[in-house]
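Below: final_30.cif (mmCIF, C-alpha atoms)
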data_work
loop_
_atom_site.label_atom_id
_atom_site.label_comp_id
_atom_site.auth_asym_id
_atom_site.auth_seq_id
_atom_site.Cartn_x
_atom_site.Cartn_y
_atom_site.Cartn_z
CA MET A 696 0.00 0.00 0.00
CA GLU A 697 1.25 3.47 -0.91
CA PHE A 698 1.02 5.97 1.96
CA ARG A 699 2.00 9.02 -0.08
CA THR A 700 0.68 10.90 -3.08
CA VAL A 701 3.69 10.49 -5.34
CA VAL A 702 4.14 13.17 -8.01
CA LYS A 703 5.97 11.67 -10.97
CA PRO A 704 8.29 13.43 -13.46
CA LEU A 705 6.69 15.02 -16.50
CA GLU A 706 6.72 12.96 -19.68
CA GLY A 707 7.83 14.00 -23.14
CA MET A 708 10.01 16.98 -22.13
CA THR A 709 13.33 15.24 -21.42
CA GLY A 710 16.18 17.05 -23.15
CA LEU A 711 14.58 20.48 -23.02
CA ILE A 712 17.35 21.61 -20.66
CA SER A 713 20.96 20.73 -21.34
CA HIS A 714 24.47 22.04 -20.78
CA ARG A 715 24.61 23.23 -24.38
CA SER A 716 21.88 25.91 -24.17
CA PRO A 717 21.28 28.72 -21.68
CA VAL A 718 18.32 28.78 -19.34
CA VAL A 719 16.83 32.00 -17.99
CA MET A 720 14.94 31.93 -14.68
CA THR A 721 12.88 34.64 -13.03
CA GLY A 722 10.55 34.89 -10.06
CA SER A 723 10.36 34.08 -6.36
CA CYS A 724 13.12 32.88 -4.06
CA PHE A 725 12.24 29.30 -5.07
CA THR A 726 13.75 30.27 -8.42
CA ASP A 727 16.98 31.11 -6.59
CA ASN A 728 16.96 27.68 -4.92
CA ILE A 729 16.54 25.69 -8.14
CA GLY A 730 18.82 28.05 -10.06
CA ALA A 731 21.61 27.56 -7.51
CA ARG A 732 21.41 23.81 -8.00
CA LEU A 733 21.53 24.14 -11.80
CA LYS A 734 24.53 26.45 -11.53
CA GLY A 735 26.14 24.00 -9.15
CA GLU A 736 26.07 21.44 -11.97
CA LEU A 737 27.42 23.96 -14.52
CA TYR A 738 24.24 24.56 -16.47
CA ASP A 739 24.43 27.95 -18.21
CA CYS A 740 21.76 29.53 -16.05
CA ILE A 741 20.77 33.20 -15.66
CA VAL A 742 18.85 33.56 -12.40
CA ASN A 743 16.70 36.59 -11.58
CA PRO A 744 18.33 39.40 -13.59
CA CYS A 745 16.27 41.93 -11.57
CA GLY A 746 16.71 40.04 -8.33
CA THR A 747 14.04 38.01 -6.57
CA LEU A 748 10.52 38.97 -7.71
CA TYR A 749 7.30 37.61 -6.28
CA ASN A 750 4.16 38.72 -8.08
CA PRO A 751 3.15 38.12 -11.73
CA ALA A 752 2.84 41.85 -12.52
CA SER A 753 6.39 42.69 -11.45
CA ILE A 754 7.79 39.63 -13.20
CA ALA A 755 5.89 40.61 -16.37
CA ALA A 756 7.26 44.17 -16.19
CA SER A 757 10.81 42.86 -15.85
CA MET A 758 10.30 40.59 -18.87
CA LEU A 759 9.03 43.51 -20.98
CA ASP A 760 12.11 45.51 -19.99
CA LEU A 761 14.24 42.65 -21.32
CA LEU A 762 12.22 42.10 -24.48
CA TYR A 763 12.06 45.82 -25.33
CA GLU A 764 15.75 46.23 -24.44
CA ARG A 765 15.05 49.08 -22.04
CA GLU A 766 18.14 50.63 -20.49
CA PHE A 767 17.80 51.67 -16.87
CA THR A 768 18.60 55.32 -16.16
CA THR A 769 18.83 57.53 -13.08
CA ASP A 770 15.03 58.04 -13.30
CA GLU A 771 14.73 54.44 -12.10
CA LEU A 772 16.47 55.15 -8.79
CA PHE A 773 15.59 56.82 -5.53
CA LEU A 774 17.87 57.63 -2.60
CA HIS A 775 17.02 56.40 0.89
CA GLU A 776 19.38 56.75 3.86
CA GLY A 777 22.36 57.06 1.55
CA VAL A 778 21.47 54.01 -0.55
CA TRP A 779 20.26 54.09 -4.16
CA LYS A 780 17.36 51.71 -4.82
CA SER A 781 14.90 50.79 -7.57
CA TYR A 782 11.24 49.86 -7.23
CA SER A 783 11.77 47.51 -10.21
CA HIS A 784 14.55 45.53 -8.53
CA HIS A 785 15.31 43.48 -5.47
CA SER A 786 17.44 45.05 -2.75
CA ARG A 787 20.57 43.28 -3.96
CA PHE A 788 20.56 45.84 -6.78
CA SER A 789 21.20 48.67 -4.32
CA GLY A 790 24.23 50.61 -3.18
CA SER A 791 25.75 53.91 -2.20
CA ASP A 792 27.31 54.52 -5.64
CA ARG A 793 24.52 55.50 -8.06
CA ASP A 794 26.54 54.80 -11.22
CA ALA A 795 27.67 51.42 -9.93
CA VAL A 796 24.07 50.45 -9.13
CA LEU A 797 22.92 51.41 -12.63
CA LYS A 798 25.79 49.49 -14.19
CA MET A 799 24.91 46.41 -12.13
CA MET A 800 21.28 46.62 -13.29
CA ASN A 801 22.10 47.13 -16.96
CA ASP A 802 24.85 44.50 -17.01
CA ALA A 803 22.47 41.91 -15.55
CA ALA A 804 19.76 42.83 -18.08
CA SER A 805 22.21 42.65 -20.96
CA GLU A 806 23.45 39.23 -19.85
CA ALA A 807 19.86 37.94 -19.67
CA ARG A 808 18.96 39.34 -23.11
CA ASP A 809 22.00 37.67 -24.64
CA ALA A 810 21.07 34.37 -23.01
CA LEU A 811 17.46 34.56 -24.25
CA LYS A 812 18.66 34.65 -27.88
CA SER A 813 19.83 31.04 -27.65
CA ALA A 814 18.02 29.79 -24.54
CA SER A 815 16.01 26.59 -24.64
CA ALA A 816 13.78 27.51 -21.70
CA LEU A 817 12.50 30.43 -19.66
CA ILE A 818 11.43 29.35 -16.18
CA VAL A 819 8.91 31.63 -14.44
CA THR A 820 7.97 31.13 -10.78
CA PHE A 821 5.04 33.03 -9.30
CA GLY A 822 5.11 33.47 -5.53
CA THR A 823 2.05 35.54 -4.63
CA ALA A 824 -0.90 37.26 -6.27
CA TRP A 825 -0.66 40.15 -3.81
CA ILE A 826 0.87 43.37 -5.14
CA PHE A 827 1.82 46.78 -3.79
CA ARG A 828 1.11 49.91 -5.82
CA LEU A 829 3.03 53.09 -5.22
CA LYS A 830 0.39 55.76 -4.70
CA GLU A 831 2.47 58.25 -6.63
CA GLY A 832 2.04 57.13 -10.24
CA ASN A 833 -0.03 54.02 -9.33
CA ARG A 834 2.81 51.73 -10.42
CA VAL A 835 3.25 48.16 -9.15
CA VAL A 836 6.51 47.80 -7.27
CA ALA A 837 8.69 44.72 -7.23
CA ASN A 838 9.98 45.54 -3.75
CA CYS A 839 8.87 48.09 -1.16
CA HIS A 840 12.41 48.41 0.23
CA LYS A 841 10.99 48.92 3.75
CA GLN A 842 9.47 52.25 2.81
CA PRO A 843 6.48 53.50 4.87
CA ALA A 844 3.31 51.52 4.25
CA SER A 845 1.46 54.82 3.77
CA LEU A 846 3.19 55.18 0.37
CA PHE A 847 1.47 52.09 -1.07
CA ASN A 848 -1.87 50.52 -1.77
CA ARG A 849 -2.09 46.75 -1.40
CA GLU A 850 -4.35 44.56 -3.52
CA MET A 851 -4.62 41.07 -4.91
CA LEU A 852 -4.54 40.41 -8.64
CA ASN A 853 -7.25 38.14 -9.94
CA ALA A 854 -6.66 35.32 -12.41
CA THR A 855 -8.05 37.31 -15.34
CA GLN A 856 -5.60 40.15 -14.73
CA ILE A 857 -2.65 37.76 -14.54
CA ILE A 858 -3.73 35.98 -17.70
CA GLY A 859 -4.04 39.30 -19.55
CA LEU A 860 -0.55 40.40 -18.52
CA TRP A 861 1.08 37.14 -19.46
CA LYS A 862 -0.75 36.56 -22.73
CA LYS A 863 1.04 39.68 -23.95
CA ILE A 864 4.40 38.41 -22.65
CA LEU A 865 3.94 35.05 -24.36
CA ARG A 866 3.05 36.77 -27.65
CA GLU A 867 6.16 38.93 -27.44
CA ILE A 868 8.34 35.90 -26.65
CA ALA A 869 6.86 33.87 -29.51
CA ALA A 870 7.52 36.71 -31.95
CA ARG A 871 11.18 37.01 -30.94
CA TYR A 872 12.16 33.50 -29.84
CA PRO A 873 9.77 31.01 -31.48
CA ASP A 874 11.66 27.97 -30.20
CA LEU A 875 11.77 29.10 -26.57
CA LYS A 876 9.68 27.09 -24.11
CA VAL A 877 8.22 28.79 -21.03
CA ILE A 878 8.04 26.63 -17.90
CA PHE A 879 5.66 28.07 -15.30
CA THR A 880 5.83 27.06 -11.65
CA VAL A 881 4.09 28.26 -8.50
CA SER A 882 6.36 28.59 -5.50
CA PRO A 883 5.58 26.21 -2.62
CA ILE A 884 6.85 28.83 -0.14
CA ARG A 885 3.93 29.97 2.01
CA HIS A 886 3.18 33.66 2.58
CA LEU A 887 1.68 33.39 6.06
CA ALA A 888 1.73 37.15 6.63
CA ASP A 889 -1.52 37.00 4.62
CA GLY A 890 -2.91 34.35 6.95
CA ALA A 891 -3.39 30.68 6.08
CA HIS A 892 -6.57 31.37 4.14
CA GLY A 893 -5.13 34.43 2.37
CA ASN A 894 -2.11 32.42 1.30
CA GLN A 895 -4.31 29.68 -0.15
CA VAL A 896 -6.49 32.17 -2.04
CA SER A 897 -3.36 33.77 -3.48
CA LYS A 898 -1.81 30.44 -4.53
CA SER A 899 -5.12 29.27 -6.00
CA THR A 900 -5.31 32.45 -8.08
CA LEU A 901 -1.82 31.82 -9.43
CA LEU A 902 -2.63 28.19 -10.22
CA LEU A 903 -5.82 29.13 -12.09
CA ALA A 904 -3.97 31.73 -14.15
CA VAL A 905 -1.11 29.41 -15.05
CA ASP A 906 -3.49 26.60 -15.95
CA ARG A 907 -5.28 28.87 -18.41
CA LEU A 908 -2.04 30.22 -19.91
CA VAL A 909 -0.70 26.72 -20.49
CA ALA A 910 -4.02 25.50 -21.94
CA GLU A 911 -4.12 28.41 -24.40
CA ASN A 912 -0.44 28.13 -25.39
CA PRO A 913 0.26 24.39 -25.47
CA ASP A 914 3.07 24.66 -28.02
CA MET A 915 5.24 26.97 -25.93
CA ALA A 916 4.08 26.90 -22.29
CA LEU A 917 3.99 24.13 -19.72
CA TYR A 918 3.64 23.72 -15.97
CA PHE A 919 6.03 22.06 -13.53
CA PRO A 920 4.22 21.09 -10.30
CA SER A 921 6.69 22.25 -7.63
CA TYR A 922 3.75 23.45 -5.51
CA GLU A 923 2.00 20.08 -5.69
CA ILE A 924 5.21 18.17 -4.98
CA MET A 925 5.66 20.11 -1.75
CA LEU A 926 2.03 20.19 -0.64
CA ASP A 927 0.99 16.67 -1.68
CA ASP A 928 4.05 14.45 -2.14
CA LEU A 929 6.11 15.94 0.73
CA ARG A 930 3.09 16.40 2.96
CA ASP A 931 4.92 16.68 6.28
CA TYR A 932 6.40 19.49 8.36
CA ARG A 933 9.72 17.64 8.54
CA PHE A 934 10.26 18.85 4.96
CA TYR A 935 10.08 22.50 6.02
CA ALA A 936 12.83 24.69 7.41
CA SER A 937 12.64 25.84 11.03
CA ASP A 938 10.41 28.79 10.06
CA MET A 939 7.73 26.33 8.89
CA VAL A 940 7.39 28.44 5.72
CA HIS A 941 10.32 27.62 3.43
CA PRO A 942 11.04 24.12 2.11
CA SER A 943 14.04 22.47 3.72
CA ASP A 944 17.18 21.71 1.71
CA VAL A 945 16.07 18.08 1.55
CA ALA A 946 12.71 19.14 0.07
CA VAL A 947 14.33 21.42 -2.52
CA ASP A 948 16.74 18.62 -3.47
CA TYR A 949 13.79 16.26 -3.92
CA ILE A 950 11.90 18.76 -6.11
CA TYR A 951 15.07 19.48 -8.08
CA ASP A 952 15.55 15.76 -8.73
CA LEU A 953 12.04 15.54 -10.21
CA PHE A 954 12.83 18.67 -12.22
CA ARG A 955 15.96 17.01 -13.63
CA GLN A 956 14.10 13.81 -14.47
CA SER A 957 11.43 15.85 -16.25
CA PHE A 958 13.61 18.12 -18.38
CA ILE A 959 17.18 16.75 -18.52
CA ASP A 960 18.18 13.54 -20.29
CA GLU A 961 20.24 10.85 -18.63
CA SER A 962 23.57 11.73 -20.27
CA ASP A 963 23.28 15.37 -19.22
CA ARG A 964 22.30 14.35 -15.68
CA SER A 965 25.47 12.23 -15.52
CA LEU A 966 27.52 15.14 -16.78
CA GLY A 967 25.82 17.35 -14.21
CA MET A 968 26.94 15.03 -11.41
CA GLU A 969 30.52 15.21 -12.70
CA CYS A 970 30.29 18.99 -12.91
CA GLY A 971 28.90 19.11 -9.39
CA ARG A 972 31.92 17.28 -8.03
CA LEU A 973 34.20 19.82 -9.69
CA VAL A 974 32.20 22.82 -8.42
CA ARG A 975 32.32 21.48 -4.87
CA ARG A 976 36.10 21.17 -5.14
CA LEU A 977 36.37 24.69 -6.53
CA ASN A 978 34.31 25.98 -3.60
CA HIS A 979 36.22 23.98 -1.01
CA ARG A 980 37.94 25.94 1.73
CA SER A 981 40.48 24.25 3.96
CA LEU A 982 39.51 24.19 7.65
CA SER A 983 43.12 24.91 8.57
CA GLY A 984 43.32 27.86 6.21
CA LEU A 985 46.46 26.37 4.69
CA HIS A 986 46.89 26.04 0.95
CA ASP A 987 46.81 22.42 -0.26
CA GLU A 988 48.87 22.43 -3.45
CA ALA A 989 48.09 18.81 -4.30
CA PHE A 990 44.33 19.40 -3.95
CA THR A 991 44.53 22.58 -6.04
CA ALA A 992 46.53 20.85 -8.77
CA ALA A 993 44.15 17.89 -8.90
CA THR A 994 41.16 20.26 -9.10
CA ALA A 995 42.77 22.21 -11.95
CA GLU A 996 43.45 18.95 -13.79
CA MET A 997 39.81 17.88 -13.32
CA ARG A 998 38.60 21.27 -14.61
CA ASP A 999 40.89 21.20 -17.66
CA SER A 1000 39.85 17.65 -18.53
CA LEU A 1001 36.17 18.52 -18.25
CA LEU A 1002 36.51 21.64 -20.42
CA ALA A 1003 38.56 19.75 -23.02
CA ARG A 1004 35.77 17.17 -23.37
CA HIS A 1005 32.93 19.68 -23.07
CA PRO A 1006 34.18 23.13 -24.13
CA TYR A 1007 30.65 24.62 -24.01
CA LEU A 1008 30.85 24.40 -20.21
CA SER A 1009 33.16 27.43 -20.24
CA ARG A 1010 30.15 29.79 -20.25
CA ALA A 1011 28.76 28.40 -17.03
CA MET A 1012 32.24 28.12 -15.54
CA SER A 1013 32.82 31.82 -16.09
CA ARG A 1014 29.68 32.64 -14.05
CA LEU A 1015 30.92 30.87 -10.90
#
Rewrite the coordinates I just gave you, this time as structure tokens.
Amino acid sequence: MEFRTVVKPLEGMTGLISHRSPVVMTGSCFTDNIGARLKGELYDCIVNPCGTLYNPASIAASMLDLLYEREFTTDELFLHEGVWKSYSHHSRFSGSDRDAVLKMMNDAASEARDALKSASALIVTFGTAWIFRLKEGNRVVANCHKQPASLFNREMLNATQIIGLWKKILREIAARYPDLKVIFTVSPIRHLADGAHGNQVSKSTLLLAVDRLVAENPDMALYFPSYEIMLDDLRDYRFYASDMVHPSDVAVDYIYDLFRQSFIDESDRSLGMECGRLVRRLNHRSLSGLHDEAFTAATAEMRDSLLARHPYLSRAMSRL
């Protein structure tokens, strides 16, 4: 007897992701988790070029900026307590040097645009249907940057609004990159600040919108069930971190394994394991703080051998 609801890998999509083609990922912090694991196996992966984004409207706006090749200017920034910030970006795109912040934003956007030209997949993860609008200008912000709540209005997008936003994005993508597949996911990370019921309403709204988008665009869009894997397959609090909100590392590893089985063929998965061993060696730091020349030499030999056999790995290697 089976005492779990086992979610199985998707069928018919194996080979969509490989070491030979870039992958662009955008969305919630679950994107960062899966992206870090792909990078750790030397997939050429661009993760969140505007930083972590949570709601479909902000993610859509960031995609239009990429597709329309918009360059960020000083008009994008505001100064708060000596730090330059952008309402279109996560706080990691902030700093005391205005020009350096702008360069960081534009360099990340340029890297993502270049990757999209030859990417096999765009992975989009929605985290919440709740949005914040800046009262001045009525614009949706990607991040409030701890500004006073009185500056914003808070509302929840409905499924129809999300579908309308993303139908346009999918049309723009199809016109520019007809071979690009869009993989939608809904983050399993709970937003309990909205209450248990509010979180469920939000997630349900996202699921309804994605289901419609995939149904109407079957040739380019598909859904990976990270939310269902966490909520149904891993239906136990032992798979959550200590905050009882975020999936544990074990849970993310389990979801990532199903992701690999769904989209990556066996030969590339084997190569990924080999790449992972190299990356772990490259990231190794001696507990004694002493330099181990033999270890360093062996690591360099492993890296050179891998690149000689698979020269296309150099792109991902350069991003480490």
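Every protein, DNA or RNA residue with an atom at most 6 Å from range 949-959 of chain A, where all atoms listed in the file count and chain neighbours fewer than 6 positions away do not, is listed here: Pro704, Leu705, Met708, Thr709, Gly710, Leu711 and Ile712 of chain A.
Nearest to Gly722 in chain A of all the residues A:Leu903, A:Leu852, A:Ala756, A:Leu1008 is A:Ala756, based on all atoms listed in the file.
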**Report entry** Proximity to Ala869 in chain A - best of A:Gly730, A:Ile826, A:Arg849, A:Lys812, all atoms listed in the file
**Finding:**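 For Ala869 in chain A, the nearest of the given residues is A:Lys812.
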Report summary line: From the list A:Ala824, A:Val819, A:Val945, A:Leu774, the nearest residue to Arg793 in chain A using only C-alpha atoms is A:Leu774
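Residue nearest Ala755 in chain A, chosen from A:Tyr1007, A:Phe934, A:Phe847, A:Phe821 and counting all atoms listed in the file: A:Phe821.
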